[in-house]
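Engineer: You'll find target_24.txt just under this line, and it carries compact mmCIF, C-alpha atoms.
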```txt
# COMPACT_ATOMS: atom_id res chain seq x y z
CA MET A 1 -3.98 -4.88 15.26
CA ALA A 2 -6.18 -7.64 16.63
CA ALA A 3 -7.23 -8.83 20.07
CA VAL A 4 -8.02 -12.41 21.04
CA TRP A 5 -10.61 -13.04 23.77
CA TYR A 6 -11.17 -16.50 25.23
CA PRO A 7 -12.44 -18.34 28.33
CA ALA A 8 -9.73 -18.27 30.98
CA ARG A 9 -8.73 -19.94 34.24
CA GLY A 10 -6.55 -18.89 37.15
CA VAL A 11 -7.11 -15.22 36.36
CA GLU A 12 -6.30 -13.85 39.83
CA ARG A 13 -2.64 -13.17 39.04
CA TYR A 14 -3.35 -11.35 35.78
CA PRO A 15 -4.34 -7.68 35.42
CA LEU A 16 -7.73 -6.59 34.20
CA ALA A 17 -7.63 -5.52 30.57
CA ASN A 18 -8.50 -1.98 29.53
CA TRP A 19 -11.43 -1.51 27.17
CA THR A 20 -8.93 0.23 24.90
CA SER A 21 -5.81 2.35 25.37
CA PRO A 22 -5.97 5.81 27.00
CA ALA A 23 -4.71 7.38 23.76
CA VAL A 24 -7.58 5.82 21.81
CA VAL A 25 -10.11 6.99 24.40
CA ARG A 26 -8.85 10.56 24.11
CA ALA A 27 -8.97 10.41 20.33
CA LEU A 28 -12.47 8.93 20.35
CA LEU A 29 -13.78 11.59 22.71
CA THR A 30 -12.26 14.41 20.69
CA SER A 31 -13.62 13.04 17.42
CA ALA A 32 -17.12 12.90 18.96
CA GLY A 33 -16.92 16.50 20.18
CA PHE A 34 -16.36 15.72 23.87
CA PRO A 35 -13.50 17.03 26.06
CA ALA A 36 -10.55 14.66 25.83
CA ASP A 37 -10.30 14.37 29.63
CA VAL A 38 -13.99 13.78 30.41
CA ALA A 39 -13.48 10.01 30.77
CA VAL A 40 -10.74 7.43 31.16
CA ALA A 41 -10.45 3.98 29.61
CA PRO A 42 -12.77 1.67 31.55
CA LEU A 43 -11.68 -1.75 32.66
CA THR A 44 -13.20 -4.89 31.19
CA ALA A 45 -13.94 -8.19 32.88
CA GLY A 46 -11.06 -9.76 30.96
CA HIS A 47 -7.65 -10.57 32.44
CA GLU A 48 -4.76 -9.95 30.06
CA GLY A 49 -2.53 -12.96 29.43
CA ALA A 50 -4.39 -15.48 31.60
CA PRO A 51 -4.21 -19.17 30.60
CA VAL A 52 -6.94 -20.63 28.43
CA LEU A 53 -9.69 -22.69 30.02
CA ARG A 54 -9.96 -25.96 28.10
CA THR A 55 -12.73 -28.48 28.62
CA GLY A 56 -11.52 -31.12 26.20
CA ARG A 57 -12.97 -29.94 22.91
CA ARG A 58 -11.54 -27.18 20.74
CA LEU A 59 -13.17 -23.78 21.01
CA PRO A 60 -15.36 -22.27 18.27
CA VAL A 61 -14.19 -18.94 16.87
CA VAL A 62 -16.03 -15.68 16.14
CA VAL A 63 -14.43 -12.72 14.32
CA PHE A 64 -15.60 -9.09 14.70
CA SER A 65 -15.32 -6.27 12.13
CA HIS A 66 -16.06 -2.70 13.31
CA GLY A 67 -17.83 0.17 11.57
CA ALA A 68 -16.46 3.15 9.68
CA HIS A 69 -14.11 5.42 11.70
CA ASP A 70 -14.42 3.06 14.65
CA HIS A 71 -12.32 0.57 16.62
CA ARG A 72 -12.13 -3.08 17.58
CA ALA A 73 -13.33 -2.59 21.19
CA ASP A 74 -16.71 -1.17 20.17
CA THR A 75 -18.68 -4.35 20.94
CA THR A 76 -16.80 -5.53 24.02
CA ILE A 77 -20.12 -6.27 25.77
CA VAL A 78 -20.89 -8.83 23.08
CA VAL A 79 -17.32 -10.12 22.89
CA GLN A 80 -17.06 -10.76 26.64
CA GLU A 81 -20.40 -12.56 26.65
CA LEU A 82 -19.28 -14.88 23.86
CA ALA A 83 -15.91 -15.55 25.50
CA SER A 84 -17.58 -16.31 28.84
CA HIS A 85 -19.62 -18.99 27.07
CA GLY A 86 -16.60 -20.74 25.58
CA TYR A 87 -15.87 -18.88 22.33
CA VAL A 88 -12.60 -17.46 21.10
CA VAL A 89 -13.38 -14.01 19.71
CA VAL A 90 -10.95 -12.15 17.47
CA THR A 91 -11.55 -8.41 17.14
CA VAL A 92 -9.81 -6.51 14.35
CA ASP A 93 -8.75 -2.89 13.83
CA HIS A 94 -9.00 -1.96 10.14
CA THR A 95 -5.96 0.32 9.94
CA TYR A 96 -6.68 3.67 8.22
CA ASP A 97 -10.34 3.40 9.25
CA ALA A 98 -9.76 2.73 12.95
CA PHE A 99 -8.58 4.33 16.16
CA GLY A 100 -5.81 2.06 17.42
CA VAL A 101 -2.36 1.85 18.99
CA PHE A 102 0.50 -0.32 17.76
CA PRO A 103 2.99 -1.95 20.16
CA ASP A 104 5.53 0.79 19.54
CA GLY A 105 3.04 3.41 20.76
CA ARG A 106 1.96 4.78 17.37
CA LEU A 107 -1.60 6.05 17.42
CA THR A 108 -3.53 5.38 14.23
CA VAL A 109 -6.69 7.32 13.37
CA PRO A 110 -9.23 7.00 10.55
CA LEU A 111 -8.23 8.67 7.29
CA ASP A 112 -10.47 9.79 4.46
CA VAL A 113 -7.70 9.00 1.98
CA PRO A 114 -7.36 6.14 1.37
CA ALA A 115 -11.07 5.51 1.95
CA LEU A 116 -11.52 1.86 2.88
CA THR A 117 -14.54 -0.03 1.56
CA PRO A 118 -16.32 -3.05 3.03
CA ARG A 119 -14.38 -5.15 0.52
CA ASP A 120 -11.12 -3.79 1.99
CA PHE A 121 -12.38 -4.77 5.43
CA ALA A 122 -13.17 -8.22 4.07
CA THR A 123 -9.60 -8.55 2.77
CA ASP A 124 -8.32 -7.75 6.27
CA ILE A 125 -10.60 -10.40 7.76
CA ARG A 126 -9.51 -13.08 5.32
CA PHE A 127 -5.90 -12.39 6.35
CA VAL A 128 -6.98 -12.76 9.99
CA LEU A 129 -8.72 -16.06 9.17
CA ASP A 130 -5.37 -17.34 7.89
CA ARG A 131 -3.85 -16.40 11.25
CA VAL A 132 -6.70 -18.18 13.06
CA GLU A 133 -5.75 -21.29 11.15
CA ASP A 134 -2.13 -20.77 12.23
CA LEU A 135 -3.22 -20.65 15.89
CA ALA A 136 -5.39 -23.73 15.42
CA ALA A 137 -2.43 -25.58 13.92
CA GLY A 138 -0.19 -24.65 16.87
CA SER A 139 1.77 -21.84 15.18
CA ASN A 140 2.28 -18.40 16.75
CA PRO A 141 1.07 -15.72 14.29
CA ASP A 142 2.17 -12.75 16.40
CA ALA A 143 4.20 -10.36 14.24
CA GLU A 144 6.83 -9.95 16.96
CA HIS A 145 6.67 -13.59 18.09
CA ARG A 146 5.70 -12.61 21.62
CA PRO A 147 4.80 -15.51 23.90
CA LEU A 148 1.10 -16.38 23.79
CA PRO A 149 -1.11 -17.18 26.80
CA ALA A 150 -0.75 -20.75 28.01
CA GLY A 151 -3.06 -23.13 26.19
CA LEU A 152 -3.96 -20.84 23.28
CA LEU A 153 -1.95 -22.68 20.63
CA GLY A 154 -4.04 -25.51 19.27
CA ALA A 155 -7.15 -24.45 21.23
CA LEU A 156 -9.12 -23.00 18.32
CA ASP A 157 -11.52 -24.95 16.13
CA ALA A 158 -10.93 -23.67 12.60
CA GLN A 159 -13.88 -25.74 11.38
CA ARG A 160 -16.36 -23.72 13.46
CA ILE A 161 -15.92 -20.03 12.61
CA GLY A 162 -18.57 -17.32 12.73
CA MET A 163 -18.40 -13.59 12.12
CA PHE A 164 -20.30 -10.46 13.07
CA GLY A 165 -19.88 -6.81 12.25
CA TRP A 166 -21.40 -3.42 12.94
CA SER A 167 -22.36 -1.01 10.12
CA LYS A 168 -19.54 -1.18 7.53
CA GLY A 169 -18.24 -4.25 9.34
CA ALA A 170 -21.63 -5.89 8.85
CA SER A 171 -21.38 -5.31 5.11
CA ALA A 172 -17.85 -6.74 5.29
CA THR A 173 -19.25 -9.83 6.99
CA ALA A 174 -21.47 -10.44 3.97
CA PHE A 175 -18.55 -10.02 1.56
CA VAL A 176 -16.34 -12.36 3.59
CA MET A 177 -19.03 -15.03 3.54
CA SER A 178 -19.51 -14.52 -0.20
CA ASP A 179 -15.82 -15.22 -0.84
CA ASP A 180 -14.72 -17.52 1.97
CA ARG A 181 -16.53 -20.65 3.11
CA ARG A 182 -14.48 -20.83 6.30
CA VAL A 183 -17.07 -18.53 7.91
CA ARG A 184 -20.09 -20.73 8.61
CA ALA A 185 -22.50 -18.16 10.06
CA GLY A 186 -22.79 -14.35 10.12
CA VAL A 187 -24.55 -11.55 11.97
CA SER A 188 -25.14 -7.97 10.86
CA PHE A 189 -25.48 -5.24 13.47
CA ASP A 190 -27.49 -2.72 11.43
CA GLY A 191 -25.40 -2.97 8.30
CA PRO A 192 -26.35 -0.87 5.24
CA MET A 193 -25.12 -3.70 2.97
CA GLN A 194 -23.55 -1.27 0.55
CA PRO A 195 -22.25 -1.75 -2.03
CA THR A 196 -25.12 -4.13 -2.72
CA VAL A 197 -24.29 -7.77 -2.11
CA THR A 198 -25.55 -9.78 -5.09
CA THR A 199 -24.09 -13.21 -4.30
CA ASP A 200 -26.37 -15.93 -2.97
CA LEU A 201 -25.38 -17.21 0.48
CA ASP A 202 -26.35 -20.69 1.61
CA ARG A 203 -25.15 -20.35 5.21
CA PRO A 204 -26.99 -18.94 8.25
CA PHE A 205 -27.24 -15.16 8.55
CA MET A 206 -29.05 -12.91 11.03
CA LEU A 207 -29.87 -9.23 10.63
CA MET A 208 -30.21 -7.12 13.79
CA THR A 209 -31.61 -3.97 12.23
CA ALA A 210 -32.35 -0.45 13.52
CA GLU A 211 -31.77 2.49 11.16
CA PHE A 212 -31.14 0.25 8.13
CA PRO A 213 -34.24 -1.95 7.96
CA ARG A 214 -35.25 -3.87 4.87
CA ALA A 215 -38.46 -1.85 4.56
CA THR A 216 -36.63 1.39 3.75
CA GLN A 217 -33.19 0.24 2.59
CA PRO A 218 -33.16 -1.37 -0.87
CA SER A 219 -29.61 -2.65 -0.43
CA VAL A 220 -30.58 -4.53 2.75
CA ALA A 221 -33.71 -5.92 1.10
CA GLU A 222 -31.61 -7.03 -1.87
CA PHE A 223 -29.14 -8.77 0.41
CA TRP A 224 -32.00 -10.51 2.25
CA SER A 225 -33.28 -11.87 -1.06
CA HIS A 226 -29.94 -13.61 -1.64
CA LEU A 227 -29.98 -15.48 1.67
CA ARG A 228 -30.76 -19.05 0.61
CA GLY A 229 -30.00 -20.75 3.92
CA TRP A 230 -31.29 -20.17 7.45
CA ARG A 231 -32.09 -16.48 7.88
CA LEU A 232 -33.62 -14.22 10.51
CA ASN A 233 -34.26 -10.50 10.92
CA VAL A 234 -34.81 -9.14 14.42
CA GLN A 235 -35.20 -5.52 15.45
CA ALA A 236 -35.38 -3.94 18.91
CA GLU A 237 -38.03 -1.26 19.26
CA GLY A 238 -36.49 2.14 19.93
CA ALA A 239 -33.06 1.10 18.66
CA VAL A 240 -30.79 3.43 16.70
CA HIS A 241 -27.71 2.64 14.64
CA SER A 242 -25.44 2.35 17.69
CA SER A 243 -27.86 0.42 19.87
CA TYR A 244 -26.00 -2.86 19.41
CA CYS A 245 -22.64 -1.43 20.52
CA ASP A 246 -20.91 -0.35 23.76
CA VAL A 247 -22.22 3.19 23.15
CA GLN A 248 -25.37 2.09 24.99
CA PHE A 249 -23.36 1.53 28.18
CA LEU A 250 -20.71 4.24 27.91
CA ILE A 251 -22.39 7.33 26.46
CA PRO A 252 -24.94 7.71 29.31
CA GLN A 253 -21.97 7.99 31.68
CA VAL A 254 -20.30 10.59 29.48
CA ALA A 255 -23.63 12.41 29.15
CA GLN A 256 -23.88 12.73 32.91
CA ALA A 257 -20.32 14.07 33.15
CA VAL A 258 -20.81 16.77 30.49
CA GLY A 259 -24.42 17.67 31.28
CA MET A 260 -25.80 16.41 27.98
CA SER A 261 -29.49 17.07 27.37
CA ASP A 262 -31.96 14.20 27.28
CA ALA A 263 -32.65 14.94 23.62
CA ASP A 264 -28.96 14.75 22.68
CA LEU A 265 -28.54 11.54 24.67
CA GLN A 266 -31.51 10.04 22.87
CA GLY A 267 -29.77 10.78 19.61
CA TRP A 268 -26.91 8.55 20.75
CA VAL A 269 -28.83 5.67 22.34
CA GLY A 270 -32.39 5.91 21.01
CA THR A 271 -35.44 5.30 23.16
CA LEU A 272 -34.44 1.72 23.93
CA ASP A 273 -33.47 1.55 27.60
CA PRO A 274 -29.65 1.13 27.73
CA ALA A 275 -29.84 -1.68 30.29
CA ARG A 276 -32.22 -3.57 28.05
CA ALA A 277 -30.03 -2.89 25.04
CA VAL A 278 -27.11 -4.50 26.86
CA ARG A 279 -29.18 -7.60 27.64
CA ILE A 280 -30.23 -7.87 23.99
CA GLN A 281 -26.60 -7.55 22.89
CA GLN A 282 -25.65 -10.34 25.25
CA ALA A 283 -28.48 -12.72 24.39
CA TYR A 284 -29.13 -12.67 20.65
CA PRO A 285 -25.65 -12.98 19.09
CA LEU A 286 -24.84 -15.72 21.62
CA ALA A 287 -28.04 -17.56 20.75
CA PHE A 288 -27.23 -17.30 17.04
CA PHE A 289 -23.72 -18.69 17.29
CA ASP A 290 -24.81 -21.34 19.78
CA LEU A 291 -27.46 -22.50 17.32
CA HIS A 292 -25.24 -22.59 14.25
CA LEU A 293 -21.80 -23.45 15.64
CA ARG A 294 -22.93 -25.66 18.54
CA LYS A 295 -26.43 -26.79 17.50
CA ARG A 296 -28.19 -25.80 20.70
CA GLY A 297 -30.65 -23.24 22.07
CA HIS A 298 -34.19 -22.04 21.37
CA LEU A 299 -34.20 -18.24 21.82
CA LEU A 300 -34.35 -17.72 18.07
CA ASP A 301 -37.38 -19.95 17.59
CA GLY A 302 -39.63 -16.92 17.89
CA PRO A 303 -40.58 -13.89 20.02
CA CYS A 304 -39.64 -14.32 23.68
CA PRO A 305 -41.52 -12.86 26.69
CA ALA A 306 -38.14 -12.08 28.30
CA PHE A 307 -37.35 -9.72 25.40
CA PRO A 308 -40.62 -7.96 24.49
CA GLU A 309 -38.67 -5.21 22.68
CA VAL A 310 -37.28 -7.65 20.09
CA LYS A 311 -39.51 -8.15 17.08
CA PHE A 312 -39.12 -10.93 14.54
CA LEU A 313 -39.59 -9.41 11.08
CA PRO A 314 -41.01 -11.72 8.40
```
Since I need it in another form, could you write the structure as structure tokens?

Structural biologist:
Amino acid sequence: MAAVWYPARGVERYPLANWTSPAVVRALLTSAGFPADVAVAPLTAGHEGAPVLRTGRRLPVVVFSHGAHDHRADTTIVVQELASHGYVVVTVDHTYDAFGVFPDGRLTVPLDVPALTPRDFATDIRFVLDRVEDLAAGSNPDAEHRPLPAGLLGALDAQRIGMFGWSKGASATAFVMSDDRRVRAGVSFDGPMQPTVTTDLDRPFMLMTAEFPRATQPSVAEFWSHLRGWRLNVQAEGAVHSSYCDVQFLIPQVAQAVGMSDADLQGWVGTLDPARAVRIQQAYPLAFFDLHLRKRGHLLDGPCPAFPEVKFLP
């Protein structure tokens, strides 16, 4: 399953989209040890099925790959920010390592057998890139040939594609870029980069590290040494592995509902203030893709007073 996010117009007549399905929310809560009924699926700022907003030029594309035992909605904060600035963002469920629901109502959950690797994720993404090219060429890639939102066919720019991923999805991003030159720029959200990536990359790549920094993770340091093009490593003070995901926004609400201790909450979100984490999620991936797919912006030139938590690591 995949979702396509894009800038829209005339949204008033279209319903707000759920963050994910109620069945996935229940499964996620249960897998994390929470009561299945402690929360419902929140609404996003997106409107399902609304027509595409076109400004004359085709829209650059960004693809997202999630982490192990995760789901495609896990970085919706980032995805919505990119879409609101004129990107088409395609988020992908890696079946057998994802919580997802198919159109016929089947709930899929992560399985330990077969155990998917980052290379398996990368194979999924390369299939999705083929479908992106179909959309760009004016062909409907939907498996059931359902009508697409008005203006989506032919709106994508298949010559300007970026990718980001969290954890295992970050490692998959590196493998995709090693094998497929269609992806021009990549971002890792705290990826362990395992198995070790040994291929030199000549295209822009940014590491947003937390629990997998180069200083203590040989595989990440090895990957960094193979980046021959533009490269940057930023790290937010107080961040943990999930600090660049929607966990920062959602878990504090769940914590309040279940009476979670401050110590347990800190284990989920770190010491980085959740509101600041959200702002960092919104600003830095957008700045990266703006710089490398649109050739504009200066946030990544160096440390910024507006984001004192974000350190640039040499």

Engineer: Can you tell me which residues surround Ala50 (chain A) at a distance of at most 7 Å, considering all atoms listed in the file, apart from same-chain residues fewer than 5 positions away, and format the answer as a count of residues only?

Structural biologist: 6

Engineer: Select, from A:Ala172, A:Ala36, A:Val128, A:Val4, the residue with the minimum atom-to-atom distance to Ala68 (chain A), counting all atoms listed in the file.

Structural biologist: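 The answer is A:Ala172, which sits nearest to Ala68 (chain A).
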
Engineer: Residues proximal to (-24.2, -8.3, -4.1) were defined as those with any atom within 9 Å of that point in the file's coordinates, counting only C-alpha atoms. Which are they, as number ranges by chain?

Structural biologist: A: 174-175, 178, 193-200, 219, 222-223, 226

Engineer: Would you work out the distance separating CA of Leu59 (chain A) from CA of Val310 (chain A), expressed in Å to one decimal?

Structural biologist: 29.0 Å

Engineer: Which residue gives the smallest distance to Ser167 (chain A) among A:Asp179, A:Asp301, A:Glu133, A:Asp70, with all atoms listed in the file counted?

Structural biologist: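 For Ser167 (chain A), the nearest of the given residues is A:Asp70.
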
Engineer: Give the answer as one residue: which of A:Gly191, A:Pro118, A:Gly259, A:Pro147 has the shortest atom-to-atom distance to Pro51 (chain A), using only C-alpha atoms?

Structural biologist: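 Counting only C-alpha atoms, the residue closest to Pro51 (chain A) is A:Pro147.
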
Engineer: Please compute the CA of Asp93 (chain A)-CA of Ala2 (chain A) distance, one decimal, in Å.

Structural biologist: 6.1 Å

Engineer: List as a ChimeraX atom specification the protein and nucleic acid residues near His69 (chain A), meaning an atom at most 10 Å away when only C-alpha atoms are counted, but skip any in the same chain fewer than 3 places from it.

Structural biologist: /A:28,31,66,94-99,109-112,116,168

Engineer: For the selection just defined, write its residues with C-alpha atoms to a file, as a PDB file, keeping the file's coordinate frame.

Structural biologist:
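Result saved to again17.pdb:
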```
ATOM      1  CA  LEU A  28     -12.470   8.930  20.350  1.00  0.00           C
ATOM      2  CA  SER A  31     -13.620  13.040  17.420  1.00  0.00           C
ATOM      3  CA  HIS A  66     -16.060  -2.700  13.310  1.00  0.00           C
ATOM      4  CA  HIS A  94      -9.000  -1.960  10.140  1.00  0.00           C
ATOM      5  CA  THR A  95      -5.960   0.320   9.940  1.00  0.00           C
ATOM      6  CA  TYR A  96      -6.680   3.670   8.220  1.00  0.00           C
ATOM      7  CA  ASP A  97     -10.340   3.400   9.250  1.00  0.00           C
ATOM      8  CA  ALA A  98      -9.760   2.730  12.950  1.00  0.00           C
ATOM      9  CA  PHE A  99      -8.580   4.330  16.160  1.00  0.00           C
ATOM     10  CA  VAL A 109      -6.690   7.320  13.370  1.00  0.00           C
ATOM     11  CA  PRO A 110      -9.230   7.000  10.550  1.00  0.00           C
ATOM     12  CA  LEU A 111      -8.230   8.670   7.290  1.00  0.00           C
ATOM     13  CA  ASP A 112     -10.470   9.790   4.460  1.00  0.00           C
ATOM     14  CA  LEU A 116     -11.520   1.860   2.880  1.00  0.00           C
ATOM     15  CA  LYS A 168     -19.540  -1.180   7.530  1.00  0.00           C
TER      16      LYS A 168
END
```

Engineer: For region 213-216 of chain A, work out the shell of residues within 10 Å, counting all atoms listed in the file and skipping chain neighbours fewer than 4 positions away, then give it as a PDB file with C-alpha atoms, in the frame of the given file.

Structural biologist:
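In the end it all went to out_1.pdb:
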```pdb
ATOM      1  CA  ASP A 190     -27.490  -2.720  11.430  1.00  0.00           C
ATOM      2  CA  GLY A 191     -25.400  -2.970   8.300  1.00  0.00           C
ATOM      3  CA  PRO A 192     -26.350  -0.870   5.240  1.00  0.00           C
ATOM      4  CA  LEU A 207     -29.870  -9.230  10.630  1.00  0.00           C
ATOM      5  CA  MET A 208     -30.210  -7.120  13.790  1.00  0.00           C
ATOM      6  CA  THR A 209     -31.610  -3.970  12.230  1.00  0.00           C
ATOM      7  CA  VAL A 220     -30.580  -4.530   2.750  1.00  0.00           C
ATOM      8  CA  ALA A 221     -33.710  -5.920   1.100  1.00  0.00           C
ATOM      9  CA  GLU A 222     -31.610  -7.030  -1.870  1.00  0.00           C
ATOM     10  CA  PHE A 223     -29.140  -8.770   0.410  1.00  0.00           C
ATOM     11  CA  TRP A 224     -32.000 -10.510   2.250  1.00  0.00           C
ATOM     12  CA  ASN A 233     -34.260 -10.500  10.920  1.00  0.00           C
ATOM     13  CA  VAL A 234     -34.810  -9.140  14.420  1.00  0.00           C
ATOM     14  CA  GLN A 235     -35.200  -5.520  15.450  1.00  0.00           C
ATOM     15  CA  LEU A 313     -39.590  -9.410  11.080  1.00  0.00           C
TER      16      LEU A 313
END
```

Engineer: Can you measure CA of Leu291 (chain A) to CA of Leu156 (chain A) for me? One decimal in Å is fine.

Structural biologist: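 So the two atoms, CA of Leu291 (chain A) and CA of Leu156 (chain A), lie 18.4 Å apart.
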
Engineer: Of the candidates A:Thr76, A:Ser225, A:Ser21, A:Gln266, which one gets nearest to Arg106 (chain A) if we count only C-alpha atoms?

Structural biologist: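 Nearest candidate to Arg106 (chain A) out of A:Thr76, A:Ser225, A:Ser21, A:Gln266: A:Ser21.
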
Engineer: Fewer than 6 positions away in the same chain doesn't count, so skip those; otherwise give me all residues within 10 Å of region 286-290 of chain A, counting all atoms listed in the file, as a PDB file with C-alpha atoms, keeping the file's coordinate frame.

Structural biologist:
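The result, stored in out-v1.pdb:
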```
ATOM      1  CA  PRO A  60     -15.360 -22.270  18.270  1.00  0.00           C
ATOM      2  CA  VAL A  61     -14.190 -18.940  16.870  1.00  0.00           C
ATOM      3  CA  VAL A  62     -16.030 -15.680  16.140  1.00  0.00           C
ATOM      4  CA  VAL A  78     -20.890  -8.830  23.080  1.00  0.00           C
ATOM      5  CA  VAL A  79     -17.320 -10.120  22.890  1.00  0.00           C
ATOM      6  CA  GLU A  81     -20.400 -12.560  26.650  1.00  0.00           C
ATOM      7  CA  LEU A  82     -19.280 -14.880  23.860  1.00  0.00           C
ATOM      8  CA  ALA A  83     -15.910 -15.550  25.500  1.00  0.00           C
ATOM      9  CA  HIS A  85     -19.620 -18.990  27.070  1.00  0.00           C
ATOM     10  CA  TYR A  87     -15.870 -18.880  22.330  1.00  0.00           C
ATOM     11  CA  ARG A 160     -16.360 -23.720  13.460  1.00  0.00           C
ATOM     12  CA  ILE A 161     -15.920 -20.030  12.610  1.00  0.00           C
ATOM     13  CA  GLY A 162     -18.570 -17.320  12.730  1.00  0.00           C
ATOM     14  CA  MET A 163     -18.400 -13.590  12.120  1.00  0.00           C
ATOM     15  CA  PHE A 164     -20.300 -10.460  13.070  1.00  0.00           C
ATOM     16  CA  ARG A 184     -20.090 -20.730   8.610  1.00  0.00           C
ATOM     17  CA  ALA A 185     -22.500 -18.160  10.060  1.00  0.00           C
ATOM     18  CA  GLY A 186     -22.790 -14.350  10.120  1.00  0.00           C
ATOM     19  CA  VAL A 187     -24.550 -11.550  11.970  1.00  0.00           C
ATOM     20  CA  PRO A 204     -26.990 -18.940   8.250  1.00  0.00           C
ATOM     21  CA  PHE A 205     -27.240 -15.160   8.550  1.00  0.00           C
ATOM     22  CA  MET A 206     -29.050 -12.910  11.030  1.00  0.00           C
ATOM     23  CA  LEU A 232     -33.620 -14.220  10.510  1.00  0.00           C
ATOM     24  CA  ILE A 280     -30.230  -7.870  23.990  1.00  0.00           C
ATOM     25  CA  ARG A 296     -28.190 -25.800  20.700  1.00  0.00           C
ATOM     26  CA  GLY A 297     -30.650 -23.240  22.070  1.00  0.00           C
ATOM     27  CA  HIS A 298     -34.190 -22.040  21.370  1.00  0.00           C
ATOM     28  CA  LEU A 299     -34.200 -18.240  21.820  1.00  0.00           C
ATOM     29  CA  LEU A 300     -34.350 -17.720  18.070  1.00  0.00           C
TER      30      LEU A 300
END
```

Engineer: Ranking A:Leu250, A:Asp124, A:Gly238, A:Cys304 by minimum distance to Ala41 (chain A) and counting all atoms listed in the file, which one comes first?

Structural biologist: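 Closest residue, counting all atoms listed in the file: A:Leu250.
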
Engineer: Point out the residue among A:Val176, A:Pro308, A:Pro35, A:Ala150 with the least atom-to-atom distance to Arg126 (chain A), counting all atoms listed in the file.

Structural biologist: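 Among the listed residues, A:Val176 lies closest to Arg126 (chain A).
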
Engineer: Select, counting all atoms listed in the file, all protein, DNA and RNA residues no farther than 8 Å from (-15.2, -7.2, 13.6) in file coordinates, and express the selection as a PyMOL selection string.

Structural biologist: chain A and resi 63-66+72+90-93+163-166+169

Engineer: At a cut-off of 8 Å, using all atoms listed in the file, what residues contact Pro15 (chain A)? Leave out same-chain residues fewer than 2 positions from it and give the result as a ChimeraX atom specification.

Structural biologist: /A:12-13,17,47-48

Engineer: Find the axis-aligned box for region 13-31 of chain A, covering all its listed atoms and adding 5 Å on each side, and write its centre and edge lengths in Å to one decimal as AutoDock Vina command-line options.

Structural biologist:
```
--center_x -8.2 --center_y 0.6 --center_z 28.2 --size_x 21.1 --size_y 37.6 --size_z 31.6
```

Engineer: For region 152-162 of chain A, write N, CA, C and O atoms out as a short mmCIF file (atom, residue, chain, number, x, y, z; two decimals), in the first residue's frame.

Structural biologist:
```
data_model
loop_
_atom_site.label_atom_id
_atom_site.label_comp_id
_atom_site.auth_asym_id
_atom_site.auth_seq_id
_atom_site.Cartn_x
_atom_site.Cartn_y
_atom_site.Cartn_z
N LEU A 152 -3.80 14.96 -10.97
CA LEU A 152 -2.63 14.20 -10.50
C LEU A 152 -1.85 13.59 -11.66
O LEU A 152 -0.62 13.59 -11.66
N LEU A 153 -2.56 13.07 -12.65
CA LEU A 153 -1.87 12.48 -13.80
C LEU A 153 -1.07 13.56 -14.52
O LEU A 153 -1.58 14.62 -14.86
N GLY A 154 0.19 13.29 -14.74
CA GLY A 154 1.05 14.23 -15.44
C GLY A 154 1.56 15.37 -14.59
O GLY A 154 2.26 16.25 -15.10
N ALA A 155 1.25 15.37 -13.28
CA ALA A 155 1.67 16.49 -12.42
C ALA A 155 3.06 16.28 -11.82
O ALA A 155 3.68 17.23 -11.35
N LEU A 156 3.55 15.05 -11.80
CA LEU A 156 4.80 14.75 -11.12
C LEU A 156 6.00 14.98 -12.02
O LEU A 156 5.95 14.73 -13.23
N ASP A 157 7.09 15.42 -11.42
CA ASP A 157 8.35 15.61 -12.14
C ASP A 157 9.26 14.43 -11.81
O ASP A 157 9.90 14.41 -10.75
N ALA A 158 9.34 13.46 -12.71
CA ALA A 158 10.14 12.27 -12.46
C ALA A 158 11.63 12.52 -12.57
O ALA A 158 12.44 11.63 -12.29
N GLN A 159 12.01 13.74 -12.96
CA GLN A 159 13.42 14.11 -13.01
C GLN A 159 13.90 14.74 -11.71
O GLN A 159 15.09 15.01 -11.56
N ARG A 160 12.98 15.00 -10.79
CA ARG A 160 13.35 15.59 -9.49
C ARG A 160 12.73 14.74 -8.38
O ARG A 160 11.65 15.02 -7.89
N ILE A 161 13.43 13.67 -8.01
CA ILE A 161 12.96 12.74 -6.99
C ILE A 161 13.95 12.69 -5.84
O ILE A 161 15.16 12.55 -6.06
N GLY A 162 13.45 12.83 -4.62
CA GLY A 162 14.24 12.64 -3.42
C GLY A 162 13.64 11.53 -2.59
O GLY A 162 12.55 11.03 -2.87
#
```
